[in-house]
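In what follows, a single structure is set out as structure tokens and then discussed.
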Amino acid sequence: MESKDTVTLPVLDVNDSDPETARSLFDAVSKHGFVYIKNNRGEIPPQDIDEMFGSSKEFFASPTESKAKFSVNSGSSGKNSGWFSMNSETLDPEKQKRGDFKEAFNMSEFKDGKAQQPLPPLLLQNEARLNTFFAQCHALCMRILELIAIGLEINTLAGGKDWFTAHHDRSRGSSGTVFRMLFYPTLPKSDAYDQETDIRAGAHSDYGTITLLFQKPGQPGLEILTSEKGEKEVWSAVPVNPTNEAKVPTLVNVGNLLSYWTKGLLKSAVHRVIFPKDGEGEDRYSMAYFLHPVDEARLEAVPSEKVRKQGKNESKVITAKQHLEERLSVTYAYKLQEKGEALSD
Ligand SMILES: O=C(O)CCC(=O)C(=O)O
Ligand SMILES: [Fe+2]
């Protein structure tokens, strides 16, 4: 599972909404599906990101029994909310023998400043901050989507630069948007895991519109599939901080829905998280904001000449909610349990 090289992705400043910025962003997401955003006018202040990482670390350090009370399986958290124990999610079920070597905590959208699921005390005490963080992530995503709409030259009469943002307007109803804290513990080399077949997060593409990923320096592991020649997959490492500036840029990637909407013009790149090379290294903490449209949004081609040139429309149009349910049923062991199927080990 060694990565061959490091991918070079553009690092963009999205403070301006000029056509030049839109073009650079559009080029980056059509070529790689991933781009770094400097975001340096401070939509998400670095200290807020640090605080979130602080809460995440405290939460994952708490005893298993206390985390288990907030499990996604507890029946009180919601289908895609709550704590995911080690190995409970399998992002690449066809290849993996065991689930991902990670823990996660998913928070679905807040309403009127309040979480819509029980929060563990350590996170509940930060509810107001979490709510602010959600809003900051949403605002950054809206800026990015506006630029992508400009890059796609979406027909003005059909919505123009507001086409995507309108589909993500929180006043229009609930969505599958999730803020997720992730923890990949360091494991003893011995026989705790098999370097060949086990993985921190299996190969997958993200289910939503776009994802913001926050990472910490010194805790690498993310890779993207840069090419596939027959049986041979080429994986490239994605550095945490490519410019080594004090402020770590936010990584943004295209999810399945943006790819559907653009008939594949924008790439929803396959990625994974690997163990540190020598079996040592650090624990990894990351945080992801998975942006989803309102549940009833229809996944049909965006009204753009660039997209039309991509080919025919899909005959079957599904909604964002239907798509999410389909994807979740494949990756979460708890869904299999619900269906009474045996879990693989
Ligand atoms: O931790 C990471 O770097 C990536 C996590 C990820 O890709 C995901 O949860 O979808
Ligand atoms: Fe992902």
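The way I read the labels, and the way they are meant: chains A, B, ... in the order of the structure tokens, residue 1 as the first residue of every chain, and ligand 1 as the first ligand shown, with later ones counted on from there.
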Close residues to ligand 1 using only C-alpha atoms and all ligand atoms, limit 10 Å, as an MDAnalysis selection string: chainID A and resid 89 91 102 104 179:184 200:208 211:216 219:224 238 240 251 253 255 270:274 284:290
Shell of 12 Å around A:Pro120, only C-alpha atoms, local chain residues under 6 positions omitted, as an mmCIF file with N, CA and C atoms, in the first residue's frame:
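Output file around-v5.cif is given in full below:
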```cif
data_model
loop_
_atom_site.group_PDB
_atom_site.id
_atom_site.type_symbol
_atom_site.label_atom_id
_atom_site.label_comp_id
_atom_site.auth_asym_id
_atom_site.auth_seq_id
_atom_site.Cartn_x
_atom_site.Cartn_y
_atom_site.Cartn_z
ATOM 1 N N SER A 55 -11.530 19.795 20.911
ATOM 2 C CA SER A 55 -12.722 19.088 21.418
ATOM 3 C C SER A 55 -12.732 17.653 20.916
ATOM 4 N N SER A 56 -12.333 17.496 19.647
ATOM 5 C CA SER A 56 -12.331 16.165 19.054
ATOM 6 C C SER A 56 -11.373 15.239 19.821
ATOM 7 N N GLU A 58 -10.306 15.477 22.886
ATOM 8 C CA GLU A 58 -10.846 15.167 24.226
ATOM 9 C C GLU A 58 -11.938 14.114 24.128
ATOM 10 N N PHE A 59 -12.814 14.286 23.149
ATOM 11 C CA PHE A 59 -13.919 13.335 23.023
ATOM 12 C C PHE A 59 -13.409 11.922 22.745
ATOM 13 N N PHE A 60 -12.516 11.789 21.765
ATOM 14 C CA PHE A 60 -12.072 10.432 21.418
ATOM 15 C C PHE A 60 -11.261 9.786 22.550
ATOM 16 N N SER A 62 -12.105 9.893 25.599
ATOM 17 C CA SER A 62 -12.976 9.478 26.698
ATOM 18 C C SER A 62 -13.243 7.971 26.624
ATOM 19 N N PRO A 63 -13.660 7.379 27.754
ATOM 20 C CA PRO A 63 -13.815 5.917 27.790
ATOM 21 C C PRO A 63 -14.828 5.400 26.764
ATOM 22 N N GLU A 65 -17.094 3.231 26.977
ATOM 23 C CA GLU A 65 -18.492 3.113 27.459
ATOM 24 C C GLU A 65 -19.211 4.438 27.318
ATOM 25 N N SER A 66 -18.501 5.554 27.579
ATOM 26 C CA SER A 66 -19.223 6.837 27.473
ATOM 27 C C SER A 66 -19.477 7.191 26.012
ATOM 28 N N LYS A 67 -18.532 6.832 25.129
ATOM 29 C CA LYS A 67 -18.759 7.127 23.708
ATOM 30 C C LYS A 67 -19.898 6.258 23.177
ATOM 31 N N ALA A 68 -19.946 5.012 23.668
ATOM 32 C CA ALA A 68 -20.943 4.060 23.165
ATOM 33 C C ALA A 68 -22.380 4.534 23.411
ATOM 34 N N LYS A 69 -22.558 5.341 24.472
ATOM 35 C CA LYS A 69 -23.919 5.851 24.750
ATOM 36 C C LYS A 69 -24.422 6.726 23.610
ATOM 37 N N PHE A 70 -23.479 7.246 22.815
ATOM 38 C CA PHE A 70 -23.864 8.149 21.718
ATOM 39 C C PHE A 70 -23.645 7.490 20.361
ATOM 40 N N SER A 71 -23.603 6.169 20.382
ATOM 41 C CA SER A 71 -23.329 5.432 19.155
ATOM 42 C C SER A 71 -24.406 5.653 18.097
ATOM 43 N N SER A 77 -29.707 8.484 18.024
ATOM 44 C CA SER A 77 -28.869 9.487 17.374
ATOM 45 C C SER A 77 -29.289 9.874 15.962
ATOM 46 N N GLY A 82 -23.825 10.444 15.257
ATOM 47 C CA GLY A 82 -23.345 9.796 16.462
ATOM 48 C C GLY A 82 -21.963 9.193 16.285
ATOM 49 N N TRP A 83 -21.625 8.346 17.247
ATOM 50 C CA TRP A 83 -20.268 7.785 17.303
ATOM 51 C C TRP A 83 -20.157 6.494 16.506
ATOM 52 N N PHE A 105 -17.136 10.729 14.805
ATOM 53 C CA PHE A 105 -18.367 11.245 15.407
ATOM 54 C C PHE A 105 -19.029 12.167 14.395
ATOM 55 N N ASN A 106 -20.260 11.815 14.010
ATOM 56 C CA ASN A 106 -20.997 12.587 13.000
ATOM 57 C C ASN A 106 -22.047 13.472 13.649
ATOM 58 N N MET A 107 -22.043 14.717 13.241
ATOM 59 C CA MET A 107 -23.106 15.617 13.685
ATOM 60 C C MET A 107 -23.903 16.056 12.477
ATOM 61 N N ASN A 126 -19.710 22.653 24.040
ATOM 62 C CA ASN A 126 -19.250 23.488 22.918
ATOM 63 C C ASN A 126 -20.315 23.655 21.839
ATOM 64 N N GLU A 127 -21.573 23.439 22.219
ATOM 65 C CA GLU A 127 -22.639 23.451 21.209
ATOM 66 C C GLU A 127 -22.671 24.768 20.418
#
```
Residue contacts of A:Asn87 (8 Å, only C-alpha atoms) excluding same-chain residues fewer than 6 positions away, as a list in words: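 Close residues of A:Asn87: Arg98, Gly99, Asp100, Phe101, Lys102 and Glu103 of chain A.
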Write the residues you've just listed into a file as a CSV table (one decimal), in the first residue's frame, and include N, CA and C atoms for each of them.
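So part.csv came out as:
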```csv
chain,number,residue,atom,x,y,z
A,98,ARG,N,-11.5,-6.1,6.8
A,98,ARG,CA,-12.0,-5.6,8.1
A,98,ARG,C,-12.3,-4.1,7.9
A,99,GLY,N,-13.2,-3.6,8.7
A,99,GLY,CA,-13.7,-2.2,8.6
A,99,GLY,C,-12.5,-1.2,8.8
A,100,ASP,N,-12.8,0.0,8.5
A,100,ASP,CA,-11.7,1.1,8.6
A,100,ASP,C,-11.2,1.2,10.1
A,101,PHE,N,-9.9,1.4,10.2
A,101,PHE,CA,-9.2,1.5,11.5
A,101,PHE,C,-9.3,3.0,11.9
A,102,LYS,N,-10.6,3.4,12.3
A,102,LYS,CA,-10.8,4.7,12.7
A,102,LYS,C,-12.0,4.8,13.6
A,103,GLU,N,-12.1,5.9,14.4
A,103,GLU,CA,-13.4,6.2,15.1
A,103,GLU,C,-13.9,7.5,14.5
```
Could you give me the residues within stretch 128-338 of chain A that DSSP places in alpha helix (DSSP H), as a PDB file with N, CA and C atoms, in the first residue's frame?
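The new file selection.pdb reads:
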```
ATOM      1  N   ALA A 128     -22.523  25.896  21.113  1.00  0.00           N
ATOM      2  CA  ALA A 128     -22.592  27.197  20.422  1.00  0.00           C
ATOM      3  C   ALA A 128     -21.443  27.319  19.426  1.00  0.00           C
ATOM      4  N   ARG A 129     -20.257  26.855  19.839  1.00  0.00           N
ATOM      5  CA  ARG A 129     -19.097  26.922  18.931  1.00  0.00           C
ATOM      6  C   ARG A 129     -19.279  26.002  17.738  1.00  0.00           C
ATOM      7  N   LEU A 130     -19.828  24.834  18.019  1.00  0.00           N
ATOM      8  CA  LEU A 130     -20.064  23.891  16.914  1.00  0.00           C
ATOM      9  C   LEU A 130     -21.043  24.488  15.915  1.00  0.00           C
ATOM     10  N   ASN A 131     -22.056  25.135  16.445  1.00  0.00           N
ATOM     11  CA  ASN A 131     -23.053  25.762  15.572  1.00  0.00           C
ATOM     12  C   ASN A 131     -22.394  26.837  14.697  1.00  0.00           C
ATOM     13  N   THR A 132     -21.523  27.630  15.307  1.00  0.00           N
ATOM     14  CA  THR A 132     -20.803  28.664  14.544  1.00  0.00           C
ATOM     15  C   THR A 132     -19.918  28.013  13.481  1.00  0.00           C
ATOM     16  N   PHE A 133     -19.265  26.930  13.868  1.00  0.00           N
ATOM     17  CA  PHE A 133     -18.362  26.261  12.931  1.00  0.00           C
ATOM     18  C   PHE A 133     -19.130  25.720  11.722  1.00  0.00           C
ATOM     19  N   PHE A 134     -20.287  25.125  11.992  1.00  0.00           N
ATOM     20  CA  PHE A 134     -21.168  24.668  10.916  1.00  0.00           C
ATOM     21  C   PHE A 134     -21.454  25.822   9.940  1.00  0.00           C
ATOM     22  N   ALA A 135     -21.847  26.965  10.528  1.00  0.00           N
ATOM     23  CA  ALA A 135     -22.228  28.116   9.695  1.00  0.00           C
ATOM     24  C   ALA A 135     -21.030  28.607   8.880  1.00  0.00           C
ATOM     25  N   GLN A 136     -19.842  28.591   9.491  1.00  0.00           N
ATOM     26  CA  GLN A 136     -18.635  29.041   8.780  1.00  0.00           C
ATOM     27  C   GLN A 136     -18.315  28.094   7.622  1.00  0.00           C
ATOM     28  N   CYS A 137     -18.433  26.800   7.886  1.00  0.00           N
ATOM     29  CA  CYS A 137     -18.159  25.815   6.820  1.00  0.00           C
ATOM     30  C   CYS A 137     -19.168  25.994   5.691  1.00  0.00           C
ATOM     31  N   HIS A 138     -20.427  26.184   6.072  1.00  0.00           N
ATOM     32  CA  HIS A 138     -21.471  26.342   5.053  1.00  0.00           C
ATOM     33  C   HIS A 138     -21.170  27.573   4.192  1.00  0.00           C
ATOM     34  N   ALA A 139     -20.786  28.670   4.847  1.00  0.00           N
ATOM     35  CA  ALA A 139     -20.514  29.909   4.101  1.00  0.00           C
ATOM     36  C   ALA A 139     -19.349  29.705   3.118  1.00  0.00           C
ATOM     37  N   LEU A 140     -18.310  29.018   3.568  1.00  0.00           N
ATOM     38  CA  LEU A 140     -17.175  28.784   2.659  1.00  0.00           C
ATOM     39  C   LEU A 140     -17.628  27.907   1.478  1.00  0.00           C
ATOM     40  N   CYS A 141     -18.433  26.895   1.773  1.00  0.00           N
ATOM     41  CA  CYS A 141     -18.930  26.030   0.697  1.00  0.00           C
ATOM     42  C   CYS A 141     -19.766  26.840  -0.302  1.00  0.00           C
ATOM     43  N   MET A 142     -20.578  27.765   0.199  1.00  0.00           N
ATOM     44  CA  MET A 142     -21.424  28.553  -0.710  1.00  0.00           C
ATOM     45  C   MET A 142     -20.556  29.425  -1.616  1.00  0.00           C
ATOM     46  N   ARG A 143     -19.477  29.964  -1.064  1.00  0.00           N
ATOM     47  CA  ARG A 143     -18.565  30.779  -1.885  1.00  0.00           C
ATOM     48  C   ARG A 143     -17.944  29.928  -2.996  1.00  0.00           C
ATOM     49  N   ILE A 144     -17.553  28.712  -2.613  1.00  0.00           N
ATOM     50  CA  ILE A 144     -16.933  27.811  -3.594  1.00  0.00           C
ATOM     51  C   ILE A 144     -17.947  27.426  -4.687  1.00  0.00           C
ATOM     52  N   LEU A 145     -19.175  27.118  -4.249  1.00  0.00           N
ATOM     53  CA  LEU A 145     -20.192  26.709  -5.233  1.00  0.00           C
ATOM     54  C   LEU A 145     -20.575  27.845  -6.171  1.00  0.00           C
ATOM     55  N   GLU A 146     -20.541  29.059  -5.643  1.00  0.00           N
ATOM     56  CA  GLU A 146     -20.853  30.206  -6.498  1.00  0.00           C
ATOM     57  C   GLU A 146     -19.770  30.335  -7.583  1.00  0.00           C
ATOM     58  N   LEU A 147     -18.531  30.165  -7.173  1.00  0.00           N
ATOM     59  CA  LEU A 147     -17.435  30.259  -8.156  1.00  0.00           C
ATOM     60  C   LEU A 147     -17.518  29.128  -9.187  1.00  0.00           C
ATOM     61  N   ILE A 148     -17.892  27.946  -8.727  1.00  0.00           N
ATOM     62  CA  ILE A 148     -18.010  26.825  -9.667  1.00  0.00           C
ATOM     63  C   ILE A 148     -19.142  27.097 -10.662  1.00  0.00           C
ATOM     64  N   ALA A 149     -20.243  27.676 -10.165  1.00  0.00           N
ATOM     65  CA  ALA A 149     -21.364  28.008 -11.066  1.00  0.00           C
ATOM     66  C   ALA A 149     -20.920  29.041 -12.101  1.00  0.00           C
ATOM     67  N   ILE A 150     -20.100  30.003 -11.675  1.00  0.00           N
ATOM     68  CA  ILE A 150     -19.579  31.002 -12.626  1.00  0.00           C
ATOM     69  C   ILE A 150     -18.684  30.296 -13.649  1.00  0.00           C
ATOM     70  N   GLY A 151     -17.837  29.398 -13.162  1.00  0.00           N
ATOM     71  CA  GLY A 151     -16.945  28.644 -14.057  1.00  0.00           C
ATOM     72  C   GLY A 151     -17.721  27.798 -15.059  1.00  0.00           C
ATOM     73  N   LEU A 152     -18.877  27.297 -14.642  1.00  0.00           N
ATOM     74  CA  LEU A 152     -19.690  26.465 -15.534  1.00  0.00           C
ATOM     75  C   LEU A 152     -20.539  27.289 -16.489  1.00  0.00           C
ATOM     76  N   TRP A 163     -27.228  28.944  -8.863  1.00  0.00           N
ATOM     77  CA  TRP A 163     -27.876  27.646  -9.105  1.00  0.00           C
ATOM     78  C   TRP A 163     -27.575  26.639  -7.987  1.00  0.00           C
ATOM     79  N   PHE A 164     -26.306  26.474  -7.653  1.00  0.00           N
ATOM     80  CA  PHE A 164     -25.961  25.489  -6.611  1.00  0.00           C
ATOM     81  C   PHE A 164     -26.366  25.977  -5.223  1.00  0.00           C
ATOM     82  N   THR A 165     -26.097  27.244  -4.949  1.00  0.00           N
ATOM     83  CA  THR A 165     -26.390  27.726  -3.591  1.00  0.00           C
ATOM     84  C   THR A 165     -27.886  27.594  -3.289  1.00  0.00           C
ATOM     85  N   ALA A 166     -28.732  27.836  -4.301  1.00  0.00           N
ATOM     86  CA  ALA A 166     -30.182  27.697  -4.088  1.00  0.00           C
ATOM     87  C   ALA A 166     -30.543  26.254  -3.705  1.00  0.00           C
ATOM     88  N   HIS A 167     -29.814  25.287  -4.252  1.00  0.00           N
ATOM     89  CA  HIS A 167     -30.087  23.879  -3.916  1.00  0.00           C
ATOM     90  C   HIS A 167     -29.590  23.523  -2.509  1.00  0.00           C
ATOM     91  N   LYS A 189       2.630  -2.182  16.097  1.00  0.00           N
ATOM     92  CA  LYS A 189       2.907  -2.834  14.812  1.00  0.00           C
ATOM     93  C   LYS A 189       2.455  -4.290  14.824  1.00  0.00           C
ATOM     94  N   SER A 190       2.884  -4.993  15.816  1.00  0.00           N
ATOM     95  CA  SER A 190       2.652  -6.443  15.991  1.00  0.00           C
ATOM     96  C   SER A 190       1.543  -7.014  15.078  1.00  0.00           C
ATOM     97  N   ASP A 191       0.535  -7.604  15.691  1.00  0.00           N
ATOM     98  CA  ASP A 191      -0.498  -8.194  14.837  1.00  0.00           C
ATOM     99  C   ASP A 191      -1.817  -7.450  14.958  1.00  0.00           C
ATOM    100  N   ALA A 192      -1.746  -6.183  15.421  1.00  0.00           N
ATOM    101  CA  ALA A 192      -2.988  -5.414  15.583  1.00  0.00           C
ATOM    102  C   ALA A 192      -3.650  -5.172  14.228  1.00  0.00           C
ATOM    103  N   ASN A 256     -19.871  13.034  -5.027  1.00  0.00           N
ATOM    104  CA  ASN A 256     -20.630  12.361  -6.101  1.00  0.00           C
ATOM    105  C   ASN A 256     -21.683  13.264  -6.740  1.00  0.00           C
ATOM    106  N   LEU A 257     -22.325  14.096  -5.922  1.00  0.00           N
ATOM    107  CA  LEU A 257     -23.450  14.859  -6.456  1.00  0.00           C
ATOM    108  C   LEU A 257     -23.009  15.935  -7.444  1.00  0.00           C
ATOM    109  N   LEU A 258     -21.901  16.570  -7.131  1.00  0.00           N
ATOM    110  CA  LEU A 258     -21.412  17.601  -8.062  1.00  0.00           C
ATOM    111  C   LEU A 258     -20.949  16.940  -9.365  1.00  0.00           C
ATOM    112  N   SER A 259     -20.477  15.732  -9.233  1.00  0.00           N
ATOM    113  CA  SER A 259     -20.082  14.989 -10.419  1.00  0.00           C
ATOM    114  C   SER A 259     -21.325  14.586 -11.247  1.00  0.00           C
ATOM    115  N   TYR A 260     -22.365  14.103 -10.570  1.00  0.00           N
ATOM    116  CA  TYR A 260     -23.623  13.771 -11.266  1.00  0.00           C
ATOM    117  C   TYR A 260     -24.180  14.987 -11.982  1.00  0.00           C
ATOM    118  N   TRP A 261     -24.246  16.084 -11.218  1.00  0.00           N
ATOM    119  CA  TRP A 261     -24.856  17.301 -11.729  1.00  0.00           C
ATOM    120  C   TRP A 261     -24.137  17.823 -12.978  1.00  0.00           C
ATOM    121  N   GLU A 305     -23.922  24.941 -20.886  1.00  0.00           N
ATOM    122  CA  GLU A 305     -23.517  24.441 -22.197  1.00  0.00           C
ATOM    123  C   GLU A 305     -22.348  23.458 -22.039  1.00  0.00           C
ATOM    124  N   LYS A 306     -21.448  23.777 -21.106  1.00  0.00           N
ATOM    125  CA  LYS A 306     -20.277  22.906 -20.879  1.00  0.00           C
ATOM    126  C   LYS A 306     -20.730  21.505 -20.467  1.00  0.00           C
ATOM    127  N   VAL A 307     -21.783  21.442 -19.661  1.00  0.00           N
ATOM    128  CA  VAL A 307     -22.282  20.145 -19.189  1.00  0.00           C
ATOM    129  C   VAL A 307     -23.053  19.440 -20.304  1.00  0.00           C
ATOM    130  N   ARG A 308     -23.833  20.229 -21.045  1.00  0.00           N
ATOM    131  CA  ARG A 308     -24.613  19.632 -22.132  1.00  0.00           C
ATOM    132  C   ARG A 308     -23.704  18.903 -23.123  1.00  0.00           C
ATOM    133  N   ALA A 320     -31.467  13.834  -3.841  1.00  0.00           N
ATOM    134  CA  ALA A 320     -30.262  13.788  -3.012  1.00  0.00           C
ATOM    135  C   ALA A 320     -30.452  12.790  -1.870  1.00  0.00           C
ATOM    136  N   LYS A 321     -31.642  12.755  -1.292  1.00  0.00           N
ATOM    137  CA  LYS A 321     -31.898  11.864  -0.159  1.00  0.00           C
ATOM    138  C   LYS A 321     -31.821  10.393  -0.584  1.00  0.00           C
ATOM    139  N   GLN A 322     -32.392  10.091  -1.730  1.00  0.00           N
ATOM    140  CA  GLN A 322     -32.349   8.696  -2.216  1.00  0.00           C
ATOM    141  C   GLN A 322     -30.899   8.256  -2.444  1.00  0.00           C
ATOM    142  N   HIS A 323     -30.117   9.160  -3.013  1.00  0.00           N
ATOM    143  CA  HIS A 323     -28.717   8.824  -3.280  1.00  0.00           C
ATOM    144  C   HIS A 323     -27.966   8.538  -1.990  1.00  0.00           C
ATOM    145  N   LEU A 324     -28.173   9.394  -0.985  1.00  0.00           N
ATOM    146  CA  LEU A 324     -27.457   9.235   0.283  1.00  0.00           C
ATOM    147  C   LEU A 324     -27.833   7.907   0.942  1.00  0.00           C
ATOM    148  N   GLU A 325     -29.099   7.586   0.952  1.00  0.00           N
ATOM    149  CA  GLU A 325     -29.535   6.346   1.610  1.00  0.00           C
ATOM    150  C   GLU A 325     -28.907   5.134   0.938  1.00  0.00           C
ATOM    151  N   GLU A 326     -28.815   5.210  -0.378  1.00  0.00           N
ATOM    152  CA  GLU A 326     -28.232   4.095  -1.119  1.00  0.00           C
ATOM    153  C   GLU A 326     -26.759   3.913  -0.739  1.00  0.00           C
ATOM    154  N   ARG A 327     -26.026   5.033  -0.678  1.00  0.00           N
ATOM    155  CA  ARG A 327     -24.593   4.931  -0.356  1.00  0.00           C
ATOM    156  C   ARG A 327     -24.364   4.468   1.076  1.00  0.00           C
ATOM    157  N   LEU A 328     -25.152   4.999   1.999  1.00  0.00           N
ATOM    158  CA  LEU A 328     -24.948   4.627   3.402  1.00  0.00           C
ATOM    159  C   LEU A 328     -25.204   3.144   3.620  1.00  0.00           C
ATOM    160  N   SER A 329     -26.158   2.598   2.887  1.00  0.00           N
ATOM    161  CA  SER A 329     -26.498   1.196   3.106  1.00  0.00           C
ATOM    162  C   SER A 329     -25.332   0.289   2.725  1.00  0.00           C
ATOM    163  N   VAL A 330     -24.456   0.755   1.876  1.00  0.00           N
ATOM    164  CA  VAL A 330     -23.333  -0.084   1.453  1.00  0.00           C
ATOM    165  C   VAL A 330     -22.190  -0.045   2.465  1.00  0.00           C
ATOM    166  N   THR A 331     -21.968   1.125   3.080  1.00  0.00           N
ATOM    167  CA  THR A 331     -20.736   1.257   3.868  1.00  0.00           C
ATOM    168  C   THR A 331     -20.855   1.042   5.366  1.00  0.00           C
ATOM    169  N   ALA A 333     -21.743  -0.877   8.671  1.00  0.00           N
ATOM    170  CA  ALA A 333     -22.050  -2.202   9.197  1.00  0.00           C
ATOM    171  C   ALA A 333     -23.396  -2.206   9.915  1.00  0.00           C
ATOM    172  N   TYR A 334     -23.747  -1.079  10.558  1.00  0.00           N
ATOM    173  CA  TYR A 334     -24.997  -1.084  11.317  1.00  0.00           C
ATOM    174  C   TYR A 334     -26.197  -1.299  10.408  1.00  0.00           C
ATOM    175  N   LYS A 335     -26.062  -0.881   9.152  1.00  0.00           N
ATOM    176  CA  LYS A 335     -27.148  -1.100   8.202  1.00  0.00           C
ATOM    177  C   LYS A 335     -27.284  -2.594   7.912  1.00  0.00           C
ATOM    178  N   LEU A 336     -26.118  -3.247   7.786  1.00  0.00           N
ATOM    179  CA  LEU A 336     -26.144  -4.681   7.527  1.00  0.00           C
ATOM    180  C   LEU A 336     -26.764  -5.392   8.719  1.00  0.00           C
ATOM    181  N   GLN A 337     -26.409  -4.892   9.921  1.00  0.00           N
ATOM    182  CA  GLN A 337     -26.964  -5.517  11.115  1.00  0.00           C
ATOM    183  C   GLN A 337     -28.488  -5.396  11.102  1.00  0.00           C
ATOM    184  N   GLU A 338     -28.934  -4.215  10.698  1.00  0.00           N
ATOM    185  CA  GLU A 338     -30.377  -3.994  10.635  1.00  0.00           C
ATOM    186  C   GLU A 338     -31.050  -5.035   9.739  1.00  0.00           C
TER     187      GLU A 338
END
```
Between atom CA of A:Leu12 and atom CA of A:Pro249 - distance in Å to one decimal: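 Atom-to-atom, atom CA of A:Pro249 and atom CA of A:Leu12 are spaced 9.0 Å apart.
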Which of stretch 123-322 of chain A fall in strand (DSSP E or B), as a PyMOL selection string: chain A and resi 175+178-184+201-204+210-215+222-229+232-237+250-254+271-273+284-291+294+298+319
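Taking atom CA of A:Val317 as the reference point, atom CA of A:Arg298 is found at 6.6 Å.
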Which residue of A:Gly54, A:Gly33, A:Gly311, A:Pro293 approaches ligand 2 most closely, using only C-alpha atoms and all ligand atoms: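 So, comparing all the options, the nearest one is A:Gly33.
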Polymer residues at most 8 Å from A:Phe34, only C-alpha atoms, same-chain spacing of 3 or more positions, as a ChimeraX atom specification: /A:9,28-29,251-254,269
12 Å contact set for A:Asn244, only C-alpha atoms, chain neighbours under 3 positions out, as a PyMOL selection string: chain A and resi 11+38+216-218+239-241+247-249
Store the residues picked out above, limited to N, CA, C and O atoms, as a PDB file, in the first residue's frame.
```
ATOM      1  N   VAL A  11      -3.252  25.734  -4.893  1.00  0.00           N
ATOM      2  CA  VAL A  11      -3.673  26.338  -3.618  1.00  0.00           C
ATOM      3  C   VAL A  11      -4.296  27.682  -3.988  1.00  0.00           C
ATOM      4  O   VAL A  11      -3.605  28.582  -4.456  1.00  0.00           O
ATOM      5  N   LYS A  38      -7.035  28.690   0.437  1.00  0.00           N
ATOM      6  CA  LYS A  38      -6.296  29.446   1.459  1.00  0.00           C
ATOM      7  C   LYS A  38      -7.246  30.127   2.419  1.00  0.00           C
ATOM      8  O   LYS A  38      -6.930  30.294   3.589  1.00  0.00           O
ATOM      9  N   LYS A 216      -4.195  18.091  10.236  1.00  0.00           N
ATOM     10  CA  LYS A 216      -3.184  18.659  11.136  1.00  0.00           C
ATOM     11  C   LYS A 216      -1.775  18.320  10.654  1.00  0.00           C
ATOM     12  O   LYS A 216      -1.523  17.170  10.275  1.00  0.00           O
ATOM     13  N   PRO A 217      -0.880  19.316  10.683  1.00  0.00           N
ATOM     14  CA  PRO A 217       0.502  19.037  10.258  1.00  0.00           C
ATOM     15  C   PRO A 217       1.098  17.873  11.051  1.00  0.00           C
ATOM     16  O   PRO A 217       0.791  17.703  12.236  1.00  0.00           O
ATOM     17  N   GLY A 218       1.903  17.084  10.389  1.00  0.00           N
ATOM     18  CA  GLY A 218       2.557  15.950  11.055  1.00  0.00           C
ATOM     19  C   GLY A 218       1.661  14.717  11.119  1.00  0.00           C
ATOM     20  O   GLY A 218       2.041  13.701  11.696  1.00  0.00           O
ATOM     21  N   PRO A 239      -0.340  16.115   0.523  1.00  0.00           N
ATOM     22  CA  PRO A 239       0.296  16.700   1.713  1.00  0.00           C
ATOM     23  C   PRO A 239      -0.706  17.494   2.555  1.00  0.00           C
ATOM     24  O   PRO A 239      -1.670  18.038   2.021  1.00  0.00           O
ATOM     25  N   VAL A 240      -0.455  17.555   3.862  1.00  0.00           N
ATOM     26  CA  VAL A 240      -1.344  18.317   4.742  1.00  0.00           C
ATOM     27  C   VAL A 240      -1.169  19.813   4.484  1.00  0.00           C
ATOM     28  O   VAL A 240      -2.142  20.554   4.383  1.00  0.00           O
ATOM     29  N   ASN A 241       0.093  20.216   4.394  1.00  0.00           N
ATOM     30  CA  ASN A 241       0.366  21.646   4.265  1.00  0.00           C
ATOM     31  C   ASN A 241       1.362  21.886   3.131  1.00  0.00           C
ATOM     32  O   ASN A 241       2.570  21.993   3.361  1.00  0.00           O
ATOM     33  N   LYS A 247      -0.522  29.044   8.255  1.00  0.00           N
ATOM     34  CA  LYS A 247      -1.922  28.644   8.229  1.00  0.00           C
ATOM     35  C   LYS A 247      -2.112  27.486   7.243  1.00  0.00           C
ATOM     36  O   LYS A 247      -1.789  27.611   6.061  1.00  0.00           O
ATOM     37  N   VAL A 248      -2.603  26.372   7.770  1.00  0.00           N
ATOM     38  CA  VAL A 248      -2.799  25.188   6.922  1.00  0.00           C
ATOM     39  C   VAL A 248      -4.021  25.407   6.014  1.00  0.00           C
ATOM     40  O   VAL A 248      -5.092  25.750   6.507  1.00  0.00           O
ATOM     41  N   PRO A 249      -3.881  25.243   4.703  1.00  0.00           N
ATOM     42  CA  PRO A 249      -5.062  25.452   3.847  1.00  0.00           C
ATOM     43  C   PRO A 249      -6.097  24.339   4.033  1.00  0.00           C
ATOM     44  O   PRO A 249      -5.772  23.247   4.473  1.00  0.00           O
TER      45      PRO A 249
END
```
d(atom CA of A:Lys79, atom 1 (Fe, counted along the ligand's line) of ligand 2) in Å: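 The value is 18.4 Å.
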Residue with smallest distance to ligand 2 - pool A:Thr156, A:Thr90, A:Pro276, A:Gln96, counting only C-alpha atoms and all ligand atoms: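 Using only C-alpha atoms and all ligand atoms, the shortest distance to ligand 2 belongs to A:Thr90.
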